[in-house]
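I have placed the structure first, in the form of structure tokens, so that the comments after it can refer back to it.
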Protein chains: 2
Amino acid sequence: MVNLEKIISLCKRRGFITPSSEMYGGFESGYDYGFLGVLLKNNIKQSWWNEMIQYRDDIVGVDASILMSPKVWEASGHLSAGFTDPLVECKKCHHRFRRDHLENNKCPDCGGELTKEKKFNLMMKTFVGSVEDKADTIYLRGETAQGIYMNYPFMRDAMRMKIPFGIAQIGKAFRNEITPRYFIFKTREFEQMEMQYFVVPDEKKKEKIFNYWKEERMKWYLDLGIKKEDLRFKEHAKNELAHYAKKAVDVEYKFPWGWDEIEGIHDRGDWDLSNHGKHSGHDLSYYDEKTKKKFIPHIIETSAGVDRGVLVFLLNAYDEITGGRTTTTEAQKEAEVVLRLSNKIAPIKTAILPLAKNKEDITKKARQVYDLLKSHWMCQYDEAGSIGRRYRRQDEIGTPYCITIDFDSLDKNDVTVRDRDTMKQERIKIDELVDYLKDKLQ
Amino acid sequence: MVNLEKIISLCKRRGFITPSSEMYGGFESGYDYGFLGVLLKNNIKQSWWNEMIQYRDDIVGVDASILMSPKVWEASGHLSAGFTDPLVECKKCHHRFRRDHLENNKCPDCGGELTKEKKFNLMMKTFVGSVEDKADTIYLRGETAQGIYMNYPFMRDAMRMKIPFGIAQIGKAFRNEITPRYFIFKTREFEQMEMQYFVVPDEKKKEKIFNYWKEERMKWYLDLGIKKEDLRFKEHAKNELAHYAKKAVDVEYKFPWGWDEIEGIHDRGDWDLSNHGKHSGHDLSYYDEKTKKKFIPHIIETSAGVDRGVLVFLLNAYDEITGGRTTTTEAQKEAEVVLRLSNKIAPIKTAILPLAKNKEDITKKARQVYDLLKSHWMCQYDEAGSIGRRYRRQDEIGTPYCITIDFDSLDKNDVTVRDRDTMKQERIKIDELVDYLKDKLQ
């Protein structure tokens, strides 16, 4: 039922997401999040941050720079062959492709002959320093993980972390992808939520921790409402592993175009810390006070794409109902969209809808309810159009509770709360409204 | 009493902030936020977001891409002379300076002769597209404001905004500064919190709105505890205005090196929308249904630096007390640091400290209290060292409330809550603890 075009159309129509620089014809490196988009995205990031950091005491967060010393990327191997895509170009129409995405030796666009495969590095360059021809070439980070490794000695010492412990980060990363595609699924500018867990280099213990994180991360998607049948694990074969990985399992989602990756759980071994130790001359080992042993920790990484998360939650929540759900007249034949987002990540938690626009008593009361609720969570006040139309507008953006204020509200000091999914309505006293909704929203 | 060195030292020692890529000798483009740093920064951003967006219904938020079409920067004037710094280089030692920062014609480092002044553009370049020599030159955004303008028609239509309304954004921006300086005050990579308020082009109305935003933004700093005597407004003279500005007033803070800018309130007139309209061929006017008039809105901007905010809040909060505040023995002569951060932005809200480390009953109870509180706000559990030492550790990072669990807690089911600033201690029942603290923390 749902397909990518419907999501893209909803995103544009309702203020979730549009192409970057759309005014100038769009810019394929990335997308802009409008108001509902940034609220949804922030809620997803906050949920991840709470689960990975706030609710535990073995993981701390950091926010490292996007621009780092180029030595970081030399040491990590991102400037060499390991971080390249196989590029071919059509000699006739000059379109470019990833060789591994093509089945034939002829251009899929015009049938022309293709050039020989060339290793194309994905790191994006820039320059710092004030005279261009002498300026240093540096790179936009290709993954947030390296920023975490740079902060490993800092956090180990200043936060007195004891192994096993983790460092987590949310932030932008950049890759010069040959073919960005599938809306916000693959873009050159994207956001990651990564956690690096520093562990004792013991294969048995590592396996246990690896499996623990697999389950934890799967649980996070399930808890936020993703259907179980649309999620699966997929282990990489040895010859598919990234240059830093000893083992990799993806969390995959069943996208309209097929199963595809939304998060990776990786055993990076001592690849990163050993290389940074060698290149920087710093001792990156960890001294275990209990066992009196000193070692380079191994790393289990969980690496999720924020934008992919947004797309998955939108696809999963999208529902269409025909036959007149909120109104029984003209809209009967038109499909109504209901975005069944989890309460935790819905952009707007409550919409406040006065039943009559031109009755000052009612709009005043509605404004009071709005003022009462907005200090607790994101609210929207809407008095434009019929109530059926306003319900539809809120259903379409996933607002879990609509609150209407009518004539009876004036005497009784109460409101009607409508549930997006059950469509049940309940009258609640305004004095009890915050607690009632808090309970529902948690 | 406080100086920049003390702040830098505290930031490093306690896990707030270190230079980017420090392992490789640091990298002067920016700094990394460690755990306490990112918590502090996120709280500042959240406070701004709540005040500017969540608590009002005339402003929406967006999150636009860092990489935009280069046409954006052509239209905005950022690629021309208006967005340059006057660069000079010493012919002898080759150090580079901003001409306007120097008093003499001789190099301040070695006394050498300086080159002629050169206009140096601050935009940082990168390339997209898969073949380097044919790739498009694009730019890392030099301000977040342009991302907001790109989203103006999208938000105007999808969110049905009515003038006057605002669009706000928090995000990274990049400028190839000749001389980054003063720790996180001026860096090449930095974060902005910008709000663009779209208004009727009427000078009288605009002036009222301009003054309203001046007061609102000043109030935000005061509400979060910045001392009044350390803040002031400074209006730019006509010849100091940026290329897009018709009027500019800075909020300045009294830094250790003197008064300097932390936020700007600007009247950008119709500069941006007119230019984007011309360059893109899109109609960026606004039709006012009430007055039946169509016009290009003018823009009043509030532009704050996130990192400057972090620095100001740290400087303002830093206090040193000599003579033994928490202990009366060996530490008597040593100065104790107390970070008097507002409860709203303090990185850790409550620390849970069992009075005895080796009594299982007590640590178990303390763990229960930790588990109870951590779902509400950021907590830290600490059982290492004497209680005096642990109080000092928390004072130093600005934790407003320390909660101790002792033998009496076991029978009475209560804890002791210590206030960072008054040092008063109060016994509170565990059943009442969440409400007690919620009240204090709000």
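A note on labels: chains of the structure tokens are A, B, ... as shown, every chain counts residues from 1, and ligands are counted from 1 in their shown order.
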Show me which bits of chain B are within 6 Å of chain A, counting only C-alpha atoms, as a ChimeraX atom specification.
/B:13-15,21,24,27,32-35,38,54-55,60-65,68-69,125-126,130,150,158,178,280,374,378
So which bits of region 265-431 of chain A end up strand (DSSP E) when you DSSP the backbone, as a PyMOL selection string?
chain A and resi 265-269+286-288+293-295+298-305+318-321+336-339+350-354+379-381+401-405+414-419+425-429
If you run DSSP on the backbone here, which positions in region 134-324 of chain A get helix (DSSP H, G or I)? Please write them as a VMD selection string.
chain A and resid 134 145 to 150 152 to 158 203 to 223 228 to 230 238 to 240 271 to 280 306 to 317
So that I can check the surroundings of Val338 (chain A), please list as a PyMOL selection string every protein, DNA and RNA residue that reaches within 6 Å of it, counting only C-alpha atoms and ignoring chain neighbours fewer than 4 positions away.
chain A and resi 319+395-396
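Note that the spacing between CA of Asp408 (chain B) and CA of Glu426 (chain B) amounts to 13.4 Å.
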Please provide as a PyMOL selection string all residues within 8 Å of Asp272 (chain A), with the sequence filter that same-chain residues fewer than 2 positions apart are discarded (counting only C-alpha atoms).
chain A and resi 75-76+149+244+268-270+274-276
